[in-house]
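S.K.: What follows is structure_19.tsv, TSV, C-alpha atoms and all ligand atoms.
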```tsv
chain	number	residue	atom	x	y	z
A	304	MET	CA	37.72	24.54	30.84
A	305	LYS	CA	40.41	23.16	28.59
A	306	VAL	CA	42.48	20.12	29.58
A	307	ILE	CA	45.68	22.16	29.39
A	308	GLU	CA	44.16	24.84	31.66
A	309	HIS	CA	43.16	22.18	34.20
A	310	ILE	CA	46.75	20.94	34.20
A	311	ALA	CA	48.30	24.41	34.38
A	312	ASN	CA	46.00	25.56	37.21
A	313	ALA	CA	46.18	22.37	39.30
A	314	LYS	CA	47.06	22.96	42.96
A	315	LYS	CA	47.18	19.23	43.69
A	316	PRO	CA	47.55	16.09	41.56
A	317	LEU	CA	44.68	15.54	39.13
A	318	ILE	CA	42.93	12.27	38.46
A	319	SER	CA	41.18	11.92	35.12
A	320	LEU	CA	39.59	8.87	33.61
A	321	GLU	CA	38.33	7.25	30.45
A	322	ILE	CA	34.97	5.58	30.17
A	323	ILE	CA	33.23	3.70	27.39
A	324	PRO	CA	29.60	4.40	26.38
A	325	PRO	CA	27.05	1.70	27.24
A	326	LYS	CA	26.53	-0.97	24.60
A	327	ARG	CA	23.76	-0.49	22.06
A	328	GLY	CA	20.46	-0.56	23.89
A	329	GLY	CA	22.31	-0.01	27.17
A	330	ASN	CA	21.22	2.54	29.69
A	331	ILE	CA	22.95	5.80	30.57
A	332	LEU	CA	21.91	5.29	34.21
A	333	GLN	CA	24.67	2.74	34.70
A	334	ILE	CA	27.19	5.38	33.63
A	335	TYR	CA	25.60	7.99	35.90
A	336	LYS	CA	26.04	5.58	38.81
A	337	ALA	CA	29.72	5.13	37.94
A	338	ILE	CA	30.31	8.89	37.59
A	339	GLU	CA	28.49	9.69	40.82
A	340	SER	CA	30.71	7.31	42.74
A	341	ILE	CA	33.82	9.26	41.68
A	342	LEU	CA	32.41	12.79	42.10
A	343	PRO	CA	34.08	13.22	45.53
A	344	TYR	CA	37.46	13.12	43.72
A	345	ALA	CA	36.44	15.92	41.37
A	346	PRO	CA	37.83	14.54	38.12
A	347	PRO	CA	38.75	17.60	36.00
A	348	PHE	CA	37.75	15.84	32.80
A	349	ILE	CA	36.37	12.52	31.63
A	350	ASN	CA	37.32	10.96	28.31
A	351	VAL	CA	34.60	9.09	26.45
A	352	THR	CA	35.71	6.54	23.87
A	353	SER	CA	34.31	6.30	20.38
A	354	HIS	CA	34.24	3.26	18.13
A	355	SER	CA	33.77	2.81	14.43
A	356	ALA	CA	31.46	0.04	13.32
A	357	GLU	CA	32.86	-3.46	13.03
A	358	VAL	CA	31.75	-5.06	9.85
A	359	MET	CA	31.96	-8.50	8.30
A	360	TRP	CA	31.08	-9.60	4.81
A	361	GLU	CA	28.98	-12.70	4.16
A	362	GLU	CA	29.31	-14.39	0.79
A	363	MET	CA	25.91	-14.97	-0.85
A	364	LYS	CA	24.97	-17.89	-3.11
A	365	ASP	CA	25.21	-15.69	-6.20
A	366	GLY	CA	28.82	-14.78	-5.36
A	367	THR	CA	28.02	-11.26	-4.13
A	368	PHE	CA	28.82	-10.12	-0.60
A	369	ARG	CA	26.44	-8.83	2.04
A	370	ARG	CA	27.74	-6.30	4.57
A	371	ILE	CA	26.81	-7.09	8.15
A	372	VAL	CA	27.47	-4.63	10.96
A	373	LYS	CA	28.54	-6.77	13.91
A	374	ARG	CA	29.16	-4.06	16.42
A	375	LYS	CA	28.35	-0.38	16.57
A	376	SER	CA	28.68	1.81	19.61
A	377	PRO	CA	27.30	5.27	19.07
A	378	GLY	CA	26.48	7.50	22.03
A	379	THR	CA	29.78	9.29	22.70
A	380	PHE	CA	28.50	12.80	22.07
A	381	GLY	CA	25.23	12.32	23.98
A	382	LEU	CA	27.15	11.00	26.95
A	383	CYS	CA	29.57	13.93	26.74
A	384	ALA	CA	26.70	16.43	26.82
A	385	ALA	CA	25.23	14.64	29.84
A	386	ILE	CA	28.60	14.71	31.67
A	387	LYS	CA	28.99	18.40	30.98
A	388	TYR	CA	25.53	19.60	31.88
A	389	LYS	CA	24.54	17.13	34.61
A	390	TYR	CA	27.86	17.03	36.47
A	391	ASN	CA	29.69	20.14	35.29
A	392	ILE	CA	32.74	18.04	34.42
A	393	ASP	CA	34.58	18.67	31.15
A	394	PRO	CA	33.99	15.78	28.76
A	395	VAL	CA	36.62	14.75	26.22
A	396	PRO	CA	35.00	12.91	23.31
A	397	HIS	CA	37.29	10.75	21.23
A	398	LEU	CA	37.08	11.60	17.56
A	399	LEU	CA	38.15	8.98	15.03
A	400	CYS	CA	39.49	9.05	11.51
A	401	ALA	CA	38.50	5.43	10.83
A	402	GLY	CA	34.97	5.05	9.55
A	403	PHE	CA	34.25	8.75	9.05
A	404	THR	CA	34.62	11.10	6.12
A	405	ARG	CA	36.15	14.52	6.74
A	406	GLU	CA	32.76	16.02	5.92
A	407	GLU	CA	31.11	13.94	8.66
A	408	THR	CA	33.90	14.95	11.02
A	409	GLU	CA	33.34	18.62	10.27
A	410	ASP	CA	29.64	18.27	11.08
A	411	ALA	CA	30.49	16.41	14.30
A	412	LEU	CA	32.88	19.20	15.29
A	413	ILE	CA	30.24	21.84	14.61
A	414	GLU	CA	27.83	19.91	16.81
A	415	LEU	CA	30.36	19.54	19.63
A	416	ASN	CA	31.09	23.25	19.40
A	417	TYR	CA	27.36	24.04	19.75
A	418	LEU	CA	27.26	21.75	22.78
A	419	GLY	CA	30.02	23.77	24.43
A	420	VAL	CA	32.46	20.84	24.41
A	421	GLU	CA	35.94	22.38	24.55
A	422	ASN	CA	38.19	19.31	24.45
A	423	LEU	CA	38.76	16.44	22.04
A	424	LEU	CA	41.04	13.47	21.66
A	425	ALA	CA	41.94	13.10	17.97
A	426	ILE	CA	42.84	9.51	17.11
A	427	ARG	CA	42.97	7.32	14.07
A	428	GLY	CA	41.11	4.31	15.43
A	429	ASP	CA	41.87	0.79	14.37
A	430	ILE	CA	41.07	0.09	10.78
A	431	LYS	CA	38.70	-2.87	10.89
A	432	TYR	CA	37.21	-2.36	7.48
A	433	GLU	CA	37.47	0.24	4.77
A	434	LYS	CA	34.24	2.14	4.63
A	435	PRO	CA	33.30	3.01	1.03
A	436	ILE	CA	33.88	6.71	0.50
A	437	PRO	CA	31.21	8.46	-1.61
A	438	ASP	CA	32.41	10.51	-4.59
A	439	GLY	CA	33.52	13.98	-3.67
A	440	ARG	CA	34.21	13.04	-0.05
A	441	SER	CA	37.58	12.67	1.64
A	442	VAL	CA	38.99	10.90	4.68
A	443	ASN	CA	41.62	11.56	7.31
A	444	ARG	CA	44.17	8.79	7.01
A	445	TYR	CA	46.18	9.45	10.16
A	446	ALA	CA	45.44	11.20	13.44
A	447	LEU	CA	47.80	13.91	12.21
A	448	ASP	CA	45.37	14.71	9.36
A	449	LEU	CA	42.52	14.96	11.86
A	450	VAL	CA	44.54	17.31	14.09
A	451	LYS	CA	45.17	19.48	11.01
A	452	GLN	CA	41.44	19.53	10.22
A	453	ILE	CA	40.59	20.63	13.78
A	454	THR	CA	43.35	23.26	13.78
A	455	ASP	CA	41.99	24.58	10.49
A	456	MET	CA	38.55	24.94	12.07
A	457	ASN	CA	40.12	26.66	15.10
A	458	ASN	CA	41.49	29.12	12.54
A	459	GLY	CA	38.08	29.53	10.91
A	460	LYS	CA	38.94	27.38	7.88
A	461	TYR	CA	36.20	24.89	7.03
A	462	LEU	CA	36.18	22.33	4.21
A	463	ASP	CA	34.04	24.39	1.89
A	464	ASP	CA	34.19	28.12	1.42
A	465	LEU	CA	31.27	28.77	3.74
A	466	ILE	CA	30.09	32.25	4.49
A	467	ASP	CA	29.49	33.46	8.06
A	468	VAL	CA	31.77	30.91	9.68
A	469	GLN	CA	33.10	31.25	13.20
A	470	PRO	CA	36.41	29.75	14.30
A	471	THR	CA	36.13	26.99	16.88
A	472	ASP	CA	38.40	26.85	19.93
A	473	PHE	CA	39.00	23.18	20.66
A	474	CYS	CA	41.78	21.93	22.88
A	475	VAL	CA	43.15	18.93	21.03
A	476	GLY	CA	44.64	15.82	22.60
A	477	VAL	CA	46.33	12.94	20.81
A	478	ALA	CA	47.48	9.42	21.65
A	479	ALA	CA	51.04	8.57	22.70
A	480	TYR	CA	52.68	5.15	23.06
A	481	PRO	CA	55.49	4.74	25.61
A	482	GLU	CA	56.08	1.24	24.20
A	483	LYS	CA	55.55	2.50	20.62
A	484	HIS	CA	52.50	1.99	18.44
A	485	PHE	CA	52.45	-1.53	17.07
A	486	GLU	CA	52.63	-0.38	13.44
A	487	SER	CA	55.61	1.93	14.00
A	488	PRO	CA	59.00	0.56	13.00
A	489	ASN	CA	60.62	1.95	16.17
A	490	LEU	CA	60.12	4.37	19.06
A	491	ALA	CA	62.00	7.20	17.34
A	492	PHE	CA	59.50	7.04	14.45
A	493	ASP	CA	56.63	7.13	16.91
A	494	ILE	CA	58.06	10.13	18.73
A	495	ASP	CA	58.49	11.90	15.42
A	496	VAL	CA	54.79	11.29	14.70
A	497	LEU	CA	53.92	12.88	18.08
A	498	LYS	CA	56.15	15.86	17.28
A	499	LYS	CA	54.31	16.31	13.97
A	500	LYS	CA	50.98	16.21	15.81
A	501	GLN	CA	52.23	18.87	18.23
A	502	ASP	CA	53.44	21.03	15.33
A	503	ALA	CA	50.03	20.60	13.68
A	504	GLY	CA	48.29	21.97	16.78
A	505	ALA	CA	47.90	19.19	19.36
A	506	HIS	CA	47.86	20.63	22.88
A	507	TYR	CA	48.47	17.51	24.97
A	508	ALA	CA	48.94	13.74	24.66
A	509	ILE	CA	47.52	10.83	26.64
A	510	CYS	CA	49.53	7.64	26.87
A	511	GLN	CA	48.47	4.14	26.12
A	512	MET	CA	48.36	2.08	29.32
A	513	PHE	CA	51.70	0.83	30.63
A	514	PHE	CA	52.55	-1.36	33.61
A	515	ASN	CA	56.20	-0.43	33.92
A	516	ASN	CA	56.84	3.24	34.68
A	517	ALA	CA	60.32	2.99	33.17
A	518	HIS	CA	58.65	2.97	29.71
A	519	TYR	CA	56.89	6.26	30.51
A	520	TYR	CA	59.98	8.01	31.91
A	521	ASN	CA	62.07	6.90	28.93
A	522	TYR	CA	59.39	8.04	26.49
A	523	VAL	CA	58.95	11.46	28.08
A	524	GLN	CA	62.70	12.01	28.22
A	525	ARG	CA	63.10	11.15	24.52
A	526	ALA	CA	60.05	13.20	23.56
A	527	ARG	CA	61.42	16.27	25.38
A	528	LYS	CA	64.77	15.82	23.63
A	529	ALA	CA	62.89	15.74	20.31
A	530	GLY	CA	61.32	19.13	21.09
A	531	ILE	CA	57.94	17.91	22.33
A	532	THR	CA	56.78	20.35	25.00
A	533	ILE	CA	53.07	19.49	25.40
A	534	PRO	CA	51.88	17.62	28.54
A	535	ILE	CA	52.22	13.83	28.17
A	536	ILE	CA	49.65	12.33	30.52
A	537	PRO	CA	50.38	8.82	31.83
A	538	GLY	CA	47.65	6.19	31.34
A	539	LEU	CA	47.04	3.55	34.01
A	540	LYS	CA	44.92	0.43	33.94
A	541	ILE	CA	44.08	-1.70	36.94
A	542	ILE	CA	44.20	-5.41	36.16
A	543	THR	CA	41.16	-7.05	37.69
A	544	SER	CA	41.33	-10.67	36.51
A	545	LYS	CA	43.68	-13.44	35.38
A	546	SER	CA	42.25	-13.36	31.86
A	547	GLN	CA	43.29	-9.73	31.39
A	548	VAL	CA	46.93	-10.75	31.72
A	549	MET	CA	46.61	-12.53	28.38
A	550	ARG	CA	44.07	-10.22	26.72
A	551	LEU	CA	45.61	-6.78	27.34
A	552	PRO	CA	48.93	-7.38	25.52
A	553	LYS	CA	47.05	-8.75	22.52
A	554	ALA	CA	44.59	-5.88	22.37
A	555	PHE	CA	46.93	-3.01	23.24
A	556	HIS	CA	50.39	-4.27	22.25
A	557	ILE	CA	51.88	-3.58	25.66
A	558	GLU	CA	54.15	-5.57	27.94
A	559	ILE	CA	53.15	-6.73	31.42
A	560	PRO	CA	56.13	-7.20	33.76
A	561	GLU	CA	57.03	-10.75	34.77
A	562	GLU	CA	56.53	-10.06	38.47
A	563	LEU	CA	52.96	-8.87	37.93
A	564	VAL	CA	52.05	-11.68	35.52
A	565	ASN	CA	53.39	-14.35	37.88
A	566	ALA	CA	51.63	-12.88	40.89
A	567	ILE	CA	48.27	-12.62	39.07
A	568	LEU	CA	48.45	-16.06	37.48
A	569	ASN	CA	49.41	-17.67	40.78
A	570	ALA	CA	46.63	-15.94	42.70
A	571	SER	CA	44.40	-18.41	44.48
A	572	SER	CA	41.18	-16.55	43.58
A	573	ASP	CA	39.84	-13.72	41.43
A	574	LYS	CA	39.58	-11.64	44.58
A	575	GLU	CA	43.27	-12.08	45.25
A	576	ALA	CA	44.14	-11.34	41.60
A	577	LYS	CA	42.14	-8.12	41.85
A	578	GLU	CA	43.95	-7.09	45.03
A	579	ILE	CA	47.30	-7.67	43.29
A	580	GLY	CA	46.15	-5.48	40.37
A	581	ILE	CA	45.07	-2.73	42.78
A	582	GLN	CA	48.38	-2.82	44.65
A	583	TRP	CA	50.35	-2.67	41.39
A	584	ALA	CA	48.42	0.34	40.10
A	585	TYR	CA	48.78	2.03	43.49
A	586	LYS	CA	52.56	1.50	43.41
A	587	GLN	CA	52.76	2.84	39.86
A	588	ALA	CA	50.69	5.90	40.82
A	589	VAL	CA	52.81	6.63	43.93
A	590	ASP	CA	56.00	6.37	41.89
A	591	LEU	CA	54.66	8.73	39.21
A	592	LEU	CA	53.49	11.28	41.77
A	593	GLU	CA	56.81	11.12	43.61
A	594	ASN	CA	58.56	11.76	40.32
A	595	GLY	CA	56.67	15.00	39.83
A	596	VAL	CA	53.82	13.83	37.58
A	597	ASN	CA	50.77	15.96	38.46
A	598	ILE	CA	48.08	14.10	36.54
A	599	LEU	CA	47.15	10.43	36.30
A	600	HIS	CA	44.69	9.12	33.74
A	601	PHE	CA	42.89	5.86	34.52
A	602	TYR	CA	41.28	3.57	31.97
A	603	ILE	CA	38.25	2.40	33.92
A	604	MET	CA	35.71	1.52	31.17
A	605	GLN	CA	32.63	1.37	33.43
A	606	ASN	CA	34.24	-0.24	36.45
A	607	THR	CA	34.81	2.20	39.29
A	608	GLU	CA	35.23	-0.32	42.10
A	609	THR	CA	38.97	-0.98	41.76
A	610	PHE	CA	39.65	2.60	40.66
A	611	LEU	CA	38.05	3.90	43.88
A	612	GLU	CA	40.11	1.44	45.88
A	613	VAL	CA	43.34	2.81	44.38
A	614	ILE	CA	42.24	6.43	44.81
A	615	ASN	CA	41.17	5.89	48.43
A	616	ARG	CA	44.60	4.48	49.21
A	617	LEU	CA	46.30	7.41	47.48
A	618	LYS	CA	44.04	9.99	49.05
A	619	LYS	CA	45.60	9.72	52.49
A	620	ASP	CA	49.11	10.57	51.29
A	621	TYR	CA	48.48	12.88	48.34
A	622	SER	CA	45.41	14.96	49.31
A	623	LEU	CA	43.60	14.09	46.09
A	701	LIG	P1	48.19	7.66	14.27
A	701	LIG	O1	48.82	8.77	15.01
A	701	LIG	O2	47.57	7.98	12.96
A	701	LIG	O3	49.28	6.53	14.10
A	701	LIG	C1	48.93	5.24	13.62
A	701	LIG	C2	50.18	4.58	13.04
A	701	LIG	O4	50.53	5.23	11.84
A	701	LIG	C3	51.40	4.68	13.96
A	701	LIG	O5	52.14	3.49	13.84
A	701	LIG	C4	52.16	5.85	13.42
A	701	LIG	O6	53.55	5.75	13.65
A	701	LIG	C5	51.85	5.74	11.92
A	701	LIG	N1	51.83	7.06	11.29
A	701	LIG	C6	51.24	8.17	11.73
A	701	LIG	N2	51.39	9.18	10.85
A	701	LIG	C7	52.08	8.66	9.82
A	701	LIG	C8	52.54	9.18	8.57
A	701	LIG	N3	52.29	10.47	8.23
A	701	LIG	N4	53.20	8.35	7.73
A	701	LIG	C9	53.46	7.07	8.06
A	701	LIG	N5	53.03	6.52	9.23
A	701	LIG	C10	52.37	7.31	10.08
A	701	LIG	N6	40.65	3.52	19.51
A	701	LIG	C11	39.33	3.57	19.26
A	701	LIG	O7	38.85	2.93	18.32
A	701	LIG	N7	38.48	4.34	20.03
A	701	LIG	C12	38.95	5.09	21.07
A	701	LIG	O8	38.16	5.79	21.72
A	701	LIG	C13	40.35	5.06	21.36
A	701	LIG	N8	40.87	5.81	22.35
A	701	LIG	C14	42.23	5.81	22.56
A	701	LIG	C15	42.75	6.63	23.58
A	701	LIG	C16	44.12	6.63	23.84
A	701	LIG	C17	44.66	7.54	24.93
A	701	LIG	C18	44.99	5.81	23.06
A	701	LIG	C19	46.46	5.80	23.36
A	701	LIG	C20	44.48	5.00	22.07
A	701	LIG	C21	43.10	5.00	21.79
A	701	LIG	N9	42.54	4.21	20.77
A	701	LIG	C22	41.19	4.24	20.54
A	701	LIG	C23	43.39	3.31	19.97
A	701	LIG	C24	43.90	3.98	18.67
A	701	LIG	O9	42.83	4.25	17.82
A	701	LIG	C25	44.84	2.98	18.01
A	701	LIG	O10	46.00	2.80	18.78
A	701	LIG	C26	45.20	3.31	16.55
A	701	LIG	O11	45.80	2.13	15.99
A	701	LIG	C27	46.21	4.43	16.37
A	701	LIG	O12	45.67	5.65	16.66
A	701	LIG	P2	46.59	6.98	16.63
A	701	LIG	O13	45.71	8.12	16.86
A	701	LIG	O14	47.76	6.79	17.52
A	701	LIG	O15	47.06	6.91	15.11
```
Using the file provided, produce a representation of the structure as structure tokens.
Ligand code: FAD
M.R.:
Amino acid sequence: MKVIEHIANAKKPLISLEIIPPKRGGNILQIYKAIESILPYAPPFINVTSHSAEVMWEEMKDGTFRRIVKRKSPGTFGLCAAIKYKYNIDPVPHLLCAGFTREETEDALIELNYLGVENLLAIRGDIKYEKPIPDGRSVNRYALDLVKQITDMNNGKYLDDLIDVQPTDFCVGVAAYPEKHFESPNLAFDIDVLKKKQDAGAHYAICQMFFNNAHYYNYVQRARKAGITIPIIPGLKIITSKSQVMRLPKAFHIEIPEELVNAILNASSDKEAKEIGIQWAYKQAVDLLENGVNILHFYIMQNTETFLEVINRLKKDYSL
């Protein structure tokens, strides 16, 4: 089922989540274990992240450069197929512009369509290196371009004039930033980008994590005023350690409220810091639900322990 159908048909609040594929050489069994622990809460869909290769260049003695791939995390599509056919949960693979040609993207979309995957999250990715583009190939520069490519395929328009083509029917999600994307000059610009993605065919948006619900309410209000009508799903992250207080803002360009930072940094142990993170996420979730939000999206990576703790606390009051 499509993400927008899950949302439209929901009789009670929905809890969705985002996971990251195991590292290279990792084992899918660790993901199965994580998914099985959350099955009782019937997540309508599970997002699976995707990452372009991280590359560095080493200068050689003769002055030339050698390309070294430092990190590569394939496995998104395989994991999505496993989620769909082993657990009957709708997977949402993340599809990137960065690191892929449009031709590679088209092939990936054809494969996902064969697999029966109905949902995607179309994002740009962070540009860590410019992959050389072979002659005759093209790239999607922004997520907007990728949304247009998917919409074209949904309308039966492929890159080449192929014969016997079938239109696809993907439900397309995009990223949204309640505190604005770090490259955007201001929030209005960012909201305009989201409006363009909607106009190009995006069906829903998922927010970057935020720790202050006021950012989300403000963003949604401004987006609605700008004519954005698609669902804007809030993204929540549970802080589990003191180090995350410093790492998350750097990695995701988000603010962590003073009260939360002070409480976590003054915690007497990691266990106490974790409990503070759980309580904060619980409070955020309660506030969102009480303000009429009917879906919460949790960034859990592969860690279900604190997520389950939050959900168990919510379960009593919100029949999740
Ligand atoms: P875009 O929408 O292309 O925007 C990028 C920047 O360009 C913005 O500042 C925007 O304002 C600007 N911009 C957009 N269009 C134009 C235009 N036409 N002209 C001028 N400026 C423009 N990253 C990963 O690598 N893997 C993942 O799996 C992943 N999952 C994510 C899931 C969610 C829900 C979110 C919120 C983010 C995720 N990211 C992921 C991070 C994302 O790739 C980065 O935030 C990236 O820097 C921007 O992606 P985007 O799709 O928002 O880009």
S.K.: Given only C-alpha atoms as the basis, pick out the residue of A:Ala478, A:Leu412, A:Met549, A:Leu399 nearest to A:His506.
M.R.: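 Smallest separation from A:His506 among the options: A:Ala478.
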S.K.: Is it possible to get the axis-aligned box enclosing ligand LIG 701 (chain A) (all listed atoms, 8 Å extra per side) as JSON, with centre and edge lengths in Å rounded to one decimal?
M.R.:
```
{"center_x": 45.9, "center_y": 6.3, "center_z": 16.3, "size_x": 31.4, "size_y": 24.3, "size_z": 33.2}
```
S.K.: Can I get the residues close to ligand LIG 701 (chain A) as a PyMOL selection string, where close means within 6 Å and we count only C-alpha atoms and all ligand atoms?
M.R.: chain A and resi 352-354+397+426-429+445-447+478-479+484-487+493+496+509-511
S.K.: Give me, as a list of chain:residue names, all polymer residues having an atom no more than 7 Å from A:Leu449, counting all atoms listed in the file and skipping those fewer than 5 positions away in the same chain.
M.R.: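 Final neighbour list, sorted by chain and number: A:Cys400, A:Ala425, A:Asn443.
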S.K.: In Å, rounded to a single decimal, give me how far atom CA of A:Pro481 is from atom CA of A:Arg405.
M.R.: 28.7 Å
S.K.: So which residues touch stretch 318-324 of chain A within 7 Å, counting only C-alpha atoms, skipping near sequence neighbours fewer than 6 positions away, as number ranges by chain?
M.R.: A: 346-352, 378-379, 598-605
S.K.: Measuring atom to atom with all atoms listed in the file, identify which of A:Thr408, A:Tyr390, A:Lys460, A:Val596 is nearest to A:Pro343.
M.R.: A:Tyr390
S.K.: Using only C-alpha atoms, which residue out of A:Ile536, A:Met304, A:Ile386, A:Cys474 lies closest to A:Leu342?
M.R.: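 Of all the options, A:Ile386 lies closest to A:Leu342.
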S.K.: Report as a list in words all protein, DNA and RNA residues lying within 12 Å of A:Arg525, evaluated on all atoms listed in the file, omitting residues in the same chain fewer than 5 positions from it.
M.R.: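 After dropping sequence-adjacent residues, the list is Pro481, Leu490, Ala491, Phe492, Asp493, Ile494, Asp495, Leu497, Lys498, His518, Tyr519, Tyr520, Gly530, Ile531, Thr532 and Ile535 of chain A.
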S.K.: As a compact mmCIF listing (two decimals), in the frame of the given file, could you write out stretch 561-578 of chain A once it has been completed with N, CA, C and O atoms?
M.R.:
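Wrote it out as out-v5.txt, contents follow:
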```txt
# COMPACT_ATOMS: atom_id res chain seq x y z
N GLU A 561 57.03 -9.36 34.30
CA GLU A 561 57.03 -10.75 34.77
C GLU A 561 56.47 -10.88 36.20
O GLU A 561 55.64 -11.75 36.47
N GLU A 562 56.93 -9.98 37.06
CA GLU A 562 56.53 -10.06 38.47
C GLU A 562 55.00 -9.96 38.61
O GLU A 562 54.38 -10.72 39.36
N LEU A 563 54.41 -9.05 37.85
CA LEU A 563 52.96 -8.87 37.93
C LEU A 563 52.23 -10.07 37.32
O LEU A 563 51.25 -10.58 37.90
N VAL A 564 52.70 -10.53 36.17
CA VAL A 564 52.05 -11.68 35.52
C VAL A 564 52.09 -12.90 36.44
O VAL A 564 51.05 -13.55 36.69
N ASN A 565 53.27 -13.17 37.01
CA ASN A 565 53.39 -14.35 37.88
C ASN A 565 52.46 -14.24 39.08
O ASN A 565 51.78 -15.20 39.44
N ALA A 566 52.46 -13.06 39.69
CA ALA A 566 51.63 -12.88 40.89
C ALA A 566 50.15 -13.08 40.55
O ALA A 566 49.42 -13.77 41.27
N ILE A 567 49.70 -12.52 39.43
CA ILE A 567 48.27 -12.62 39.07
C ILE A 567 47.93 -14.08 38.72
O ILE A 567 46.92 -14.62 39.19
N LEU A 568 48.78 -14.70 37.92
CA LEU A 568 48.45 -16.06 37.48
C LEU A 568 48.51 -17.07 38.64
O LEU A 568 47.81 -18.08 38.62
N ASN A 569 49.32 -16.76 39.63
CA ASN A 569 49.41 -17.67 40.78
C ASN A 569 48.42 -17.34 41.89
O ASN A 569 48.41 -17.99 42.94
N ALA A 570 47.61 -16.32 41.66
CA ALA A 570 46.63 -15.94 42.70
C ALA A 570 45.66 -17.09 42.92
O ALA A 570 45.29 -17.79 41.98
N SER A 571 45.26 -17.26 44.17
CA SER A 571 44.40 -18.41 44.48
C SER A 571 42.92 -18.13 44.15
O SER A 571 42.11 -19.05 44.12
N SER A 572 42.58 -16.87 43.92
CA SER A 572 41.18 -16.55 43.58
C SER A 572 41.14 -15.26 42.77
O SER A 572 42.13 -14.52 42.73
N ASP A 573 40.00 -14.98 42.17
CA ASP A 573 39.84 -13.72 41.43
C ASP A 573 39.98 -12.53 42.36
O ASP A 573 40.49 -11.47 41.98
N LYS A 574 39.50 -12.74 43.60
CA LYS A 574 39.58 -11.64 44.58
C LYS A 574 41.05 -11.29 44.85
O LYS A 574 41.43 -10.12 44.89
N GLU A 575 41.85 -12.33 44.98
CA GLU A 575 43.27 -12.08 45.25
C GLU A 575 43.94 -11.44 44.01
O GLU A 575 44.75 -10.53 44.16
N ALA A 576 43.57 -11.92 42.83
CA ALA A 576 44.14 -11.34 41.60
C ALA A 576 43.80 -9.85 41.53
O ALA A 576 44.64 -9.02 41.17
N LYS A 577 42.58 -9.52 41.88
CA LYS A 577 42.14 -8.12 41.85
C LYS A 577 42.96 -7.28 42.83
O LYS A 577 43.40 -6.18 42.51
N GLU A 578 43.18 -7.82 44.02
CA GLU A 578 43.95 -7.09 45.03
C GLU A 578 45.39 -6.84 44.54
O GLU A 578 45.96 -5.76 44.74
```
